[in-house]
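Student: This is my_file-v6.csv (CSV, C-alpha atoms).
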chain,number,residue,atom,x,y,z
A,1,MET,CA,134.5,129.9,84.5
A,2,ASN,CA,132.4,132.6,86.0
A,3,ILE,CA,129.3,132.2,88.0
A,4,ASN,CA,126.4,134.1,86.6
A,5,ALA,CA,122.6,134.1,86.3
A,6,THR,CA,122.8,130.7,84.6
A,7,ILE,CA,123.0,129.1,88.0
A,8,ILE,CA,119.6,130.4,88.8
A,9,GLY,CA,118.1,129.0,85.7
A,10,GLU,CA,119.7,125.7,86.2
A,11,LEU,CA,118.6,125.6,89.8
A,12,ILE,CA,115.0,126.2,88.7
A,13,ALA,CA,115.3,123.5,86.0
A,14,PHE,CA,116.7,121.1,88.5
A,15,VAL,CA,113.9,121.6,91.0
A,16,VAL,CA,111.2,121.3,88.2
A,17,PHE,CA,112.8,118.2,86.8
A,18,VAL,CA,113.1,116.5,90.2
A,19,PHE,CA,109.5,117.5,91.1
A,20,PHE,CA,108.2,116.1,87.8
A,21,CYS,CA,110.2,112.9,88.2
A,22,MET,CA,108.9,112.5,91.7
A,23,LYS,CA,105.3,113.1,90.8
A,24,PHE,CA,104.9,111.5,87.4
A,25,VAL,CA,107.8,109.2,86.6
A,26,TRP,CA,109.0,107.3,89.6
A,27,PRO,CA,105.7,106.1,91.2
A,28,PRO,CA,104.1,104.4,88.1
A,29,ILE,CA,107.4,102.7,87.1
A,30,MET,CA,108.1,101.6,90.6
A,31,ALA,CA,104.5,100.4,91.0
A,32,ALA,CA,104.8,98.3,87.8
A,33,ILE,CA,108.1,96.8,88.9
A,34,GLU,CA,106.8,96.0,92.4
A,35,THR,CA,103.5,94.5,91.1
A,36,ARG,CA,105.5,92.3,88.7
A,37,GLN,CA,107.8,91.2,91.4
A,38,ALA,CA,104.9,90.3,93.6
A,39,THR,CA,103.3,88.4,90.7
A,40,ILE,CA,106.5,86.5,90.0
A,41,ALA,CA,106.9,85.7,93.7
A,42,ASP,CA,103.3,84.4,93.8
A,43,GLY,CA,103.9,82.3,90.8
A,44,LEU,CA,107.0,80.7,92.2
A,45,ALA,CA,105.2,80.1,95.5
A,46,ALA,CA,102.3,78.5,93.7
A,47,SER,CA,104.5,76.2,91.7
A,48,ASP,CA,106.3,75.3,94.9
A,49,ARG,CA,103.0,74.6,96.6
A,50,ALA,CA,101.8,72.5,93.6
A,51,ALA,CA,105.0,70.4,93.7
A,52,LYS,CA,104.5,69.8,97.4
A,53,ASP,CA,100.8,69.0,96.8
A,54,LEU,CA,101.8,66.5,94.1
A,55,GLU,CA,104.3,64.8,96.5
A,56,LEU,CA,101.7,64.7,99.2
A,57,ALA,CA,99.1,63.2,96.8
A,58,GLN,CA,101.5,60.6,95.6
A,59,ALA,CA,102.4,59.6,99.2
A,60,LYS,CA,98.7,59.5,100.0
A,61,ALA,CA,97.9,57.3,96.9
A,62,THR,CA,100.7,54.9,97.9
A,63,GLU,CA,99.3,54.8,101.4
A,64,GLN,CA,95.8,54.1,100.2
A,65,LEU,CA,97.0,51.5,97.8
A,66,LYS,CA,98.8,49.8,100.7
A,67,GLU,CA,95.7,50.0,102.9
A,68,ALA,CA,93.5,48.6,100.1
A,69,LYS,CA,95.8,45.7,99.7
A,70,ALA,CA,95.8,45.0,103.4
A,71,GLN,CA,92.0,45.3,103.5
A,72,ALA,CA,91.7,42.9,100.5
A,73,ALA,CA,94.0,40.4,102.2
A,74,SER,CA,92.0,40.6,105.5
A,75,ILE,CA,88.7,40.2,103.6
A,76,VAL,CA,90.1,37.1,101.8
A,77,ASP,CA,91.3,35.8,105.2
A,78,ALA,CA,87.9,36.3,106.8
A,79,ALA,CA,86.2,34.6,103.9
A,80,LYS,CA,88.4,31.6,104.2
A,81,LYS,CA,87.7,31.4,107.9
A,82,ARG,CA,84.0,31.7,107.3
A,83,GLU,CA,84.1,29.0,104.7
A,84,ALA,CA,85.8,26.7,107.0
A,85,GLN,CA,83.3,27.6,109.7
A,86,ILE,CA,80.3,26.9,107.4
A,87,VAL,CA,81.8,23.6,106.3
A,88,GLU,CA,82.3,22.6,109.9
A,89,GLU,CA,78.8,23.7,110.9
A,90,ALA,CA,77.3,21.8,108.0
A,91,ALA,CA,79.2,18.7,108.9
A,92,GLY,CA,78.0,19.0,112.5
A,93,LYS,CA,74.4,19.4,111.4
A,94,ALA,CA,74.7,16.5,109.0
A,95,GLU,CA,76.1,14.4,111.8
A,96,ALA,CA,73.2,15.3,114.1
A,97,GLU,CA,70.7,14.6,111.3
A,98,LYS,CA,72.2,11.3,110.7
A,99,ALA,CA,72.0,10.4,114.4
A,100,LYS,CA,68.4,11.6,114.5
A,101,ILE,CA,67.5,9.5,111.5
A,102,LEU,CA,69.2,6.5,112.8
A,103,ALA,CA,67.5,6.9,116.2
A,104,ALA,CA,64.1,7.2,114.5
A,105,GLY,CA,64.8,4.1,112.4
A,106,HIS,CA,65.8,2.2,115.5
A,107,ALA,CA,62.7,3.2,117.3
A,108,GLU,CA,60.5,2.2,114.4
A,109,ILE,CA,62.2,-1.2,114.1
A,110,GLU,CA,61.7,-1.6,117.8
A,111,THR,CA,58.0,-0.9,117.7
A,112,GLU,CA,57.5,-3.1,114.7
A,113,ARG,CA,59.4,-5.9,116.4
A,114,ASN,CA,57.3,-5.4,119.5
A,115,GLN,CA,54.1,-5.4,117.5
A,116,ALA,CA,55.2,-8.6,115.7
A,117,LYS,CA,56.1,-10.1,119.0
A,118,GLU,CA,52.7,-9.2,120.4
A,119,GLU,CA,51.0,-10.6,117.4
A,120,LEU,CA,53.0,-13.7,117.6
A,121,ARG,CA,52.2,-14.0,121.2
A,122,GLN,CA,48.5,-13.7,120.5
A,123,GLN,CA,48.7,-16.1,117.7
A,124,VAL,CA,50.7,-18.5,119.9
A,125,ALA,CA,48.0,-18.1,122.5
A,126,VAL,CA,45.3,-18.8,120.0
A,127,LEU,CA,47.3,-21.7,118.6
A,128,ALA,CA,47.8,-23.0,122.1
A,129,ILE,CA,44.1,-22.7,122.9
A,130,ALA,CA,43.3,-24.3,119.6
A,131,GLY,CA,45.8,-27.1,120.3
A,132,ALA,CA,44.4,-27.4,123.7
A,133,GLU,CA,40.9,-27.5,122.4
A,134,LYS,CA,41.9,-30.3,119.9
A,135,ILE,CA,43.6,-32.2,122.7
A,136,LEU,CA,40.6,-31.5,125.0
A,137,GLU,CA,38.0,-32.5,122.4
A,138,ARG,CA,39.4,-36.0,122.3
A,139,SER,CA,39.8,-36.6,126.1
A,140,ILE,CA,36.9,-34.7,127.5
A,141,ASP,CA,34.1,-36.9,128.5
A,142,ALA,CA,31.1,-35.1,129.6
A,143,ALA,CA,30.3,-37.6,132.2
A,144,ALA,CA,33.8,-38.0,133.6
A,145,HIS,CA,34.3,-34.4,133.7
A,146,SER,CA,30.8,-33.4,134.7
A,147,ASP,CA,31.9,-32.7,138.2
A,148,ILE,CA,34.4,-30.0,137.0
A,149,LEU,CA,31.7,-28.6,134.7
A,150,ASP,CA,29.4,-28.6,137.5
A,151,LYS,CA,31.8,-26.9,139.8
A,152,LEU,CA,32.3,-24.2,137.0
A,153,VAL,CA,28.6,-23.8,136.7
A,154,ALA,CA,28.3,-23.5,140.4
A,155,GLU,CA,31.1,-21.0,140.5
A,156,LEU,CA,29.4,-18.8,137.8
B,1,MET,CA,135.3,118.4,61.9
B,2,SER,CA,137.6,121.0,60.6
B,3,ASP,CA,140.8,121.3,62.5
B,4,ALA,CA,142.5,124.4,63.7
B,5,ALA,CA,145.5,124.1,61.4
B,6,ALA,CA,143.2,124.7,58.4
B,7,ASN,CA,142.0,127.9,60.0
B,8,ALA,CA,145.0,130.1,59.5
B,9,THR,CA,143.6,133.1,61.4
B,10,LEU,CA,143.5,131.1,64.7
B,11,THR,CA,146.3,129.9,66.8
B,12,SER,CA,145.8,126.7,68.9
B,13,GLN,CA,145.3,128.8,72.0
B,14,GLU,CA,142.7,131.0,70.4
B,15,TYR,CA,141.0,127.9,69.0
B,16,ILE,CA,140.7,126.3,72.4
B,17,SER,CA,139.7,129.4,74.3
B,18,HIS,CA,137.1,130.1,71.6
B,19,HIS,CA,135.6,126.6,72.1
B,20,LEU,CA,135.6,127.1,75.9
B,21,THR,CA,133.5,130.3,75.6
B,22,ASN,CA,129.8,130.1,76.2
B,23,LEU,CA,127.1,131.5,74.1
B,24,THR,CA,125.9,134.3,76.3
B,25,VAL,CA,123.4,137.2,76.5
B,26,GLY,CA,123.4,139.8,79.3
B,27,GLU,CA,126.0,141.7,81.2
B,28,GLY,CA,127.9,141.0,84.5
B,29,PHE,CA,126.1,138.7,86.9
B,30,TRP,CA,123.0,138.8,84.7
B,31,THR,CA,124.7,136.9,82.0
B,32,TRP,CA,122.9,133.9,80.7
B,33,ASN,CA,124.8,131.0,79.2
B,34,LEU,CA,122.3,130.1,76.5
B,35,ASP,CA,124.2,127.0,75.4
B,36,THR,CA,124.4,125.5,78.9
B,37,LEU,CA,120.7,126.4,79.7
B,38,GLY,CA,119.5,125.2,76.3
B,39,TRP,CA,121.3,121.9,76.2
B,40,SER,CA,120.7,121.0,79.8
B,41,VAL,CA,116.9,121.8,79.6
B,42,PHE,CA,116.7,119.9,76.3
B,43,LEU,CA,118.5,116.9,77.7
B,44,GLY,CA,116.4,117.0,80.9
B,45,LEU,CA,113.3,117.1,78.7
B,46,VAL,CA,114.6,114.1,76.7
B,47,PHE,CA,115.0,112.2,79.9
B,48,LEU,CA,111.6,113.1,81.3
B,49,THR,CA,109.8,112.5,78.0
B,50,ILE,CA,111.2,109.0,77.6
B,51,PHE,CA,110.7,108.1,81.2
B,52,ARG,CA,107.2,109.7,81.3
B,53,SER,CA,106.1,107.8,78.2
B,54,VAL,CA,107.2,104.6,79.8
B,55,ALA,CA,105.6,105.5,83.1
B,56,LYS,CA,102.2,106.2,81.4
B,57,LYS,CA,102.2,102.8,79.6
B,58,ALA,CA,104.0,100.9,82.4
B,59,THR,CA,102.6,97.5,82.7
B,60,ALA,CA,103.1,95.0,85.5
B,61,GLY,CA,102.8,92.2,82.9
B,62,VAL,CA,105.4,91.5,80.2
B,63,PRO,CA,107.3,94.8,79.6
B,64,GLY,CA,108.3,96.1,76.2
B,65,LYS,CA,111.9,96.7,75.4
B,66,LEU,CA,111.9,100.4,76.2
B,67,GLN,CA,110.2,99.7,79.5
B,68,CYS,CA,112.8,97.0,80.2
B,69,ALA,CA,115.6,99.5,79.6
B,70,VAL,CA,114.0,102.2,81.7
B,71,GLU,CA,113.2,99.7,84.5
B,72,LEU,CA,116.8,98.6,84.4
B,73,ILE,CA,117.9,102.1,85.2
B,74,VAL,CA,115.2,102.7,87.7
B,75,GLY,CA,116.0,99.4,89.4
B,76,PHE,CA,119.7,100.2,89.5
B,77,VAL,CA,119.0,103.6,91.1
B,78,ASP,CA,116.5,102.1,93.5
B,79,ASP,CA,119.0,99.5,94.6
B,80,SER,CA,121.7,102.2,95.1
B,81,VAL,CA,119.2,104.2,97.2
B,82,LYS,CA,118.0,101.3,99.3
B,83,GLY,CA,121.6,100.1,99.9
B,84,THR,CA,122.6,103.4,101.4
B,85,PHE,CA,119.5,105.3,102.6
B,86,HIS,CA,117.5,103.5,105.2
B,87,GLY,CA,114.9,106.1,106.1
B,88,LYS,CA,111.6,106.7,104.5
B,89,ASN,CA,111.7,109.6,102.0
B,90,ALA,CA,109.8,109.7,98.8
B,91,LEU,CA,112.1,112.3,97.4
B,92,ILE,CA,115.5,110.6,97.6
B,93,ALA,CA,115.0,108.0,94.9
B,94,PRO,CA,113.4,110.2,92.2
B,95,LEU,CA,116.1,112.8,93.0
B,96,ALA,CA,118.8,110.2,92.5
B,97,LEU,CA,117.2,109.0,89.3
B,98,THR,CA,117.0,112.6,87.9
B,99,ILE,CA,120.5,113.4,88.9
B,100,PHE,CA,121.9,110.1,87.4
B,101,VAL,CA,120.2,110.2,84.1
B,102,TRP,CA,120.4,114.0,83.6
B,103,VAL,CA,124.1,114.2,84.4
B,104,LEU,CA,124.7,111.1,82.3
B,105,LEU,CA,123.0,112.7,79.3
B,106,MET,CA,124.8,116.0,79.8
B,107,ASN,CA,128.2,114.3,80.2
B,108,ALA,CA,127.4,112.3,77.1
B,109,MET,CA,127.4,115.5,75.1
B,110,ASP,CA,131.2,115.2,75.5
B,111,TRP,CA,131.1,112.6,72.8
B,112,VAL,CA,129.8,115.1,70.2
B,113,PRO,CA,132.8,116.1,68.2
B,114,VAL,CA,133.9,119.6,69.3
B,115,ASP,CA,133.5,121.3,66.0
B,116,LEU,CA,130.4,119.4,64.8
B,117,LEU,CA,127.7,121.7,66.2
B,118,PRO,CA,129.5,125.0,65.3
B,119,TRP,CA,130.0,123.6,61.8
B,120,VAL,CA,126.3,122.7,61.4
B,121,ILE,CA,125.2,126.1,62.8
B,122,SER,CA,127.5,127.8,60.4
B,123,LEU,CA,126.1,125.8,57.5
B,124,VAL,CA,122.5,126.6,58.4
B,125,SER,CA,123.0,130.3,59.4
B,126,GLY,CA,125.8,131.2,57.1
B,127,ILE,CA,127.7,132.9,60.0
B,128,ASP,CA,131.5,132.3,60.0
B,129,MET,CA,132.5,129.6,62.6
B,130,ALA,CA,134.9,132.1,64.2
B,131,HIS,CA,131.9,134.0,65.5
B,132,ILE,CA,129.9,131.0,66.7
B,133,TYR,CA,130.2,130.2,70.3
B,134,MET,CA,128.7,126.8,71.4
B,135,LYS,CA,129.7,124.8,74.5
B,136,PRO,CA,127.4,121.8,74.3
B,137,VAL,CA,128.4,120.0,77.5
B,138,PRO,CA,126.5,121.6,80.3
B,139,THR,CA,128.5,119.9,83.0
B,140,THR,CA,131.6,121.7,81.8
B,141,ASP,CA,129.9,124.9,83.0
B,142,PRO,CA,130.4,125.5,86.8
B,143,ASN,CA,127.0,127.2,86.8
B,144,MET,CA,125.4,123.8,86.0
B,145,THR,CA,127.4,121.8,88.5
B,146,PHE,CA,127.0,124.4,91.3
B,147,ALA,CA,123.3,124.5,90.6
B,148,LEU,CA,123.0,120.8,91.1
B,149,ALA,CA,125.2,120.8,94.2
B,150,GLY,CA,123.4,123.8,95.5
B,151,GLY,CA,120.1,122.0,95.2
B,152,VAL,CA,121.5,119.0,97.0
B,153,PHE,CA,123.1,121.3,99.7
B,154,PHE,CA,119.7,122.9,100.3
B,155,LEU,CA,118.2,119.5,100.8
B,156,ILE,CA,121.0,118.5,103.2
B,157,ILE,CA,120.3,121.6,105.4
B,158,PHE,CA,116.5,121.1,105.0
B,159,TYR,CA,116.4,117.5,106.1
B,160,SER,CA,119.0,118.0,108.8
B,161,ILE,CA,116.8,120.6,110.4
B,162,LYS,CA,113.6,118.6,109.7
B,163,VAL,CA,114.9,115.4,111.2
B,164,LYS,CA,117.0,116.7,114.1
B,165,GLY,CA,115.3,120.1,114.7
B,166,PHE,CA,117.2,123.3,114.5
B,167,GLY,CA,118.8,122.8,117.9
B,168,GLY,CA,119.8,119.2,117.0
B,169,PHE,CA,121.4,120.4,113.8
B,170,MET,CA,123.3,123.1,115.6
B,171,LYS,CA,124.4,120.8,118.3
B,172,GLU,CA,125.8,118.5,115.6
B,173,LEU,CA,127.8,121.4,114.3
B,174,TYR,CA,129.4,122.5,117.5
B,175,GLY,CA,129.1,119.4,119.7
B,176,GLN,CA,131.5,117.1,117.8
B,177,PRO,CA,134.2,115.8,117.4
B,178,PHE,CA,135.4,117.2,120.7
B,179,GLY,CA,133.1,116.9,123.7
B,180,HIS,CA,134.5,119.7,125.9
B,181,TRP,CA,132.6,123.0,125.8
B,182,SER,CA,135.8,125.0,125.5
B,183,LEU,CA,136.5,123.3,122.1
B,184,TYR,CA,133.0,124.1,120.7
B,185,PRO,CA,134.2,127.0,118.5
B,186,ILE,CA,136.9,124.8,117.0
B,187,ASN,CA,134.2,122.1,116.5
B,188,PHE,CA,132.0,124.6,114.8
B,189,ILE,CA,134.7,125.7,112.4
B,190,LEU,CA,135.6,122.1,111.5
B,191,GLU,CA,132.0,121.1,111.0
B,192,ILE,CA,131.1,124.1,108.9
B,193,VAL,CA,134.1,123.3,106.7
B,194,THR,CA,132.9,119.7,106.4
B,195,LEU,CA,129.4,120.8,105.6
B,196,LEU,CA,130.5,123.3,102.9
B,197,ALA,CA,133.1,120.9,101.5
B,198,ARG,CA,130.3,118.6,100.5
B,199,PRO,CA,128.5,120.6,97.8
B,200,LEU,CA,131.8,122.1,96.7
B,201,ALA,CA,133.5,118.8,96.3
B,202,LEU,CA,130.4,117.4,94.6
B,203,SER,CA,130.2,120.2,92.0
B,204,LEU,CA,133.9,120.7,91.4
B,205,ARG,CA,134.5,117.0,90.9
B,206,LEU,CA,132.0,116.8,88.2
B,207,PHE,CA,133.0,120.1,86.6
B,208,GLY,CA,136.7,119.3,86.8
B,209,ASN,CA,136.4,115.9,85.3
B,210,LEU,CA,134.3,117.0,82.4
B,211,TYR,CA,136.1,120.2,81.8
B,212,ALA,CA,139.4,118.4,81.7
B,213,GLY,CA,137.9,115.8,79.3
B,214,GLU,CA,136.6,118.5,77.0
B,215,LEU,CA,139.9,120.4,77.1
B,216,ILE,CA,141.7,117.2,76.0
B,217,PHE,CA,139.2,116.7,73.2
B,218,LEU,CA,140.0,120.3,72.1
B,219,LEU,CA,143.8,119.7,72.3
B,220,ILE,CA,143.3,116.5,70.3
B,221,ALA,CA,141.3,118.5,67.7
B,222,THR,CA,144.4,120.6,67.1
B,223,LEU,CA,146.5,117.6,66.0
B,224,GLY,CA,145.5,117.6,62.4
B,225,LEU,CA,144.9,114.3,60.8
B,226,TYR,CA,146.4,112.3,63.7
B,227,GLN,CA,143.5,113.4,65.8
B,228,LEU,CA,141.3,110.6,64.5
B,229,PRO,CA,142.9,107.5,66.3
B,230,VAL,CA,143.7,109.7,69.4
B,231,HIS,CA,140.2,111.0,69.5
B,232,PHE,CA,138.8,107.5,69.3
B,233,ILE,CA,140.9,106.4,72.2
B,234,TRP,CA,139.9,109.4,74.3
B,235,ALA,CA,136.3,109.0,73.4
B,236,ALA,CA,136.5,105.3,74.4
B,237,PHE,CA,138.0,106.3,77.7
B,238,HIS,CA,135.0,108.5,78.3
B,239,LEU,CA,132.9,105.3,78.2
B,240,LEU,CA,134.2,105.0,81.8
B,241,VAL,CA,134.4,108.7,82.8
B,242,ILE,CA,130.9,109.7,81.7
B,243,PRO,CA,128.8,107.1,83.6
B,244,LEU,CA,131.2,107.1,86.5
B,245,GLN,CA,130.9,110.8,87.1
B,246,ALA,CA,127.1,110.6,86.9
B,247,PHE,CA,127.1,107.6,89.3
B,248,ILE,CA,129.5,109.4,91.8
B,249,PHE,CA,127.3,112.5,91.8
B,250,MET,CA,124.2,110.4,92.4
B,251,MET,CA,125.8,108.2,95.0
B,252,LEU,CA,127.3,111.1,97.0
B,253,THR,CA,123.9,112.8,96.9
B,254,ILE,CA,122.3,109.8,98.5
B,255,VAL,CA,125.1,109.4,101.1
B,256,TYR,CA,124.9,113.1,102.1
B,257,LEU,CA,121.2,113.0,102.4
B,258,SER,CA,121.3,109.8,104.4
B,259,LEU,CA,123.8,111.4,106.8
B,260,ALA,CA,121.4,114.4,107.1
B,261,HIS,CA,118.7,111.9,108.2
B,262,GLU,CA,120.8,110.3,110.8
B,263,ASP,CA,119.9,111.4,114.3
B,264,HIS,CA,122.7,111.0,116.9
What would the structure in this file look like if it were written as structure tokens?
Tutor:
Amino acid sequence: MNINATIIGELIAFVVFVFFCMKFVWPPIMAAIETRQATIADGLAASDRAAKDLELAQAKATEQLKEAKAQAASIVDAAKKREAQIVEEAAGKAEAEKAKILAAGHAEIETERNQAKEELRQQVAVLAIAGAEKILERSIDAAAHSDILDKLVAEL
Amino acid sequence: MSDAAANATLTSQEYISHHLTNLTVGEGFWTWNLDTLGWSVFLGLVFLTIFRSVAKKATAGVPGKLQCAVELIVGFVDDSVKGTFHGKNALIAPLALTIFVWVLLMNAMDWVPVDLLPWVISLVSGIDMAHIYMKPVPTTDPNMTFALAGGVFFLIIFYSIKVKGFGGFMKELYGQPFGHWSLYPINFILEIVTLLARPLALSLRLFGNLYAGELIFLLIATLGLYQLPVHFIWAAFHLLVIPLQAFIFMMLTIVYLSLAHEDH
């Protein structure tokens, strides 16, 4: 074991090899490794995100379904209420119509009765006059009653 | 894998020391260990070629199998760096990756049977194996481990001064562990020892472990036929030693540089 010029040669070789490694070997390999690591990390993060999104979407879907059901129930409720209301309104209108028709009928009957009454009265008057004329024809004596006639003439 | 017993001209000791001799050119200090240089550069290029080919085609989409394997190593190193070093420095992680994979590959040469390469060379070239010197594990050469630790040591000094300033770095050397000014020289000696112990421990640990491992492989190779099961057990044990030493070297580099970045 003796130290000789070999050490100089080896030192130069060492420096050259390290320099070459530093310039042309280490950076590209490290870049490839680090890029791949970043890609893998991104992929994992994306899959995590997707799983979370899916969970969220499912929760949202459930929520919407529940909401839709509630809405449907409320619509049915409202419809039932409205139906009842319409029936009630129709019944009220019908009642009013009935009352009106009845009133009109009553009024008509009344007028017709009044008319008949009037006619009857007139006819009774005519009959009474005719009866009176018949009675009067037999008993009236021009001479006996000339004074009344005269009075009437005088009054005219 | 010929064994030493078959080679009558060599004693066990000669066999082992023959295998622990580098293939060299030059004289004195200007000796170059061709096997260490050749194998370490070759393995470094293997590492960079594979990783560069993956880096060029790296996709952030579904990765291929080779890219998966490379990313596994890169991710492992990156985790180790991020767990220890909390500053921002584009050099630390590639440095740790280079050290880990390069040292791992160089240590793995320990698994190549000790006589295989000389035997192949002898077959190809026709030279007798006794004249072929080939030490194929670069990390059993202190030149290799000292070069690595020296590079790391330089970075420790560089970042210490860059982060804390020269004054801050000096103050760290003499201002602790004792607060009183009269004890500053003692502090300085202690801290210098601590500082120098780091690269020394770093390089000697790697060198010692691998050198010892190689030595045991060589001893096993002198056992004759019995070497086969023993060799298997020792090689299996190196499944632990080889990556562990590479990991320790990388981890301590990160720790030392993270200490250099800490401002008190």
Student: May I ask which of the residues B:Thr194, B:Asn22, B:Asn209, B:Gln176 is the closest one to Asn143 (chain B), counting only C-alpha atoms?
Tutor: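 Closest to Asn143 (chain B), using only C-alpha atoms: B:Asn22.
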Student: Could you tell me which residues of chain B sit within 9 Å of chain A when counting all atoms listed in the file, and give me the result as a PyMOL selection string?
Tutor: chain B and resi 21+28-34+36-37+40-41+44-45+48+51-62+67+70-71+74-75+78+90-91+93-99+141-148+150-151
Student: Fewer than 3 positions away in the same chain doesn't count, so skip those; otherwise give me all residues within 9 Å of Ile92 (chain B), counting only C-alpha atoms, as a VMD selection string.
Tutor: chain B and resid 81 85 88 to 89 95 to 97 253 to 254 257 to 258
Student: Any idea what the distance is between CA of Lys135 (chain B) and CA of Val152 (chain B)?
Tutor: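 Interatomic distance, CA of Lys135 (chain B) to CA of Val152 (chain B): 24.6 Å.
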Student: To one decimal place in Å, what is the distance between CA of Gln227 (chain B) and CA of Leu204 (chain B)?
Tutor: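 Taking CA of Gln227 (chain B) and CA of Leu204 (chain B), their separation equals 28.3 Å.
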Student: Would you mind telling me which residue in B:Pro63, B:Ser203, B:Leu117, B:Phe100 lies nearest to Phe76 (chain B) when using only C-alpha atoms?
Tutor: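 Distance minimum relative to Phe76 (chain B) lands on B:Phe100.
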Student: Which value, in Å to one decimal, gives the distance between CA of Met134 (chain B) and CA of Phe232 (chain B)?
Tutor: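 Interatomic distance, CA of Met134 (chain B) to CA of Phe232 (chain B): 21.9 Å.
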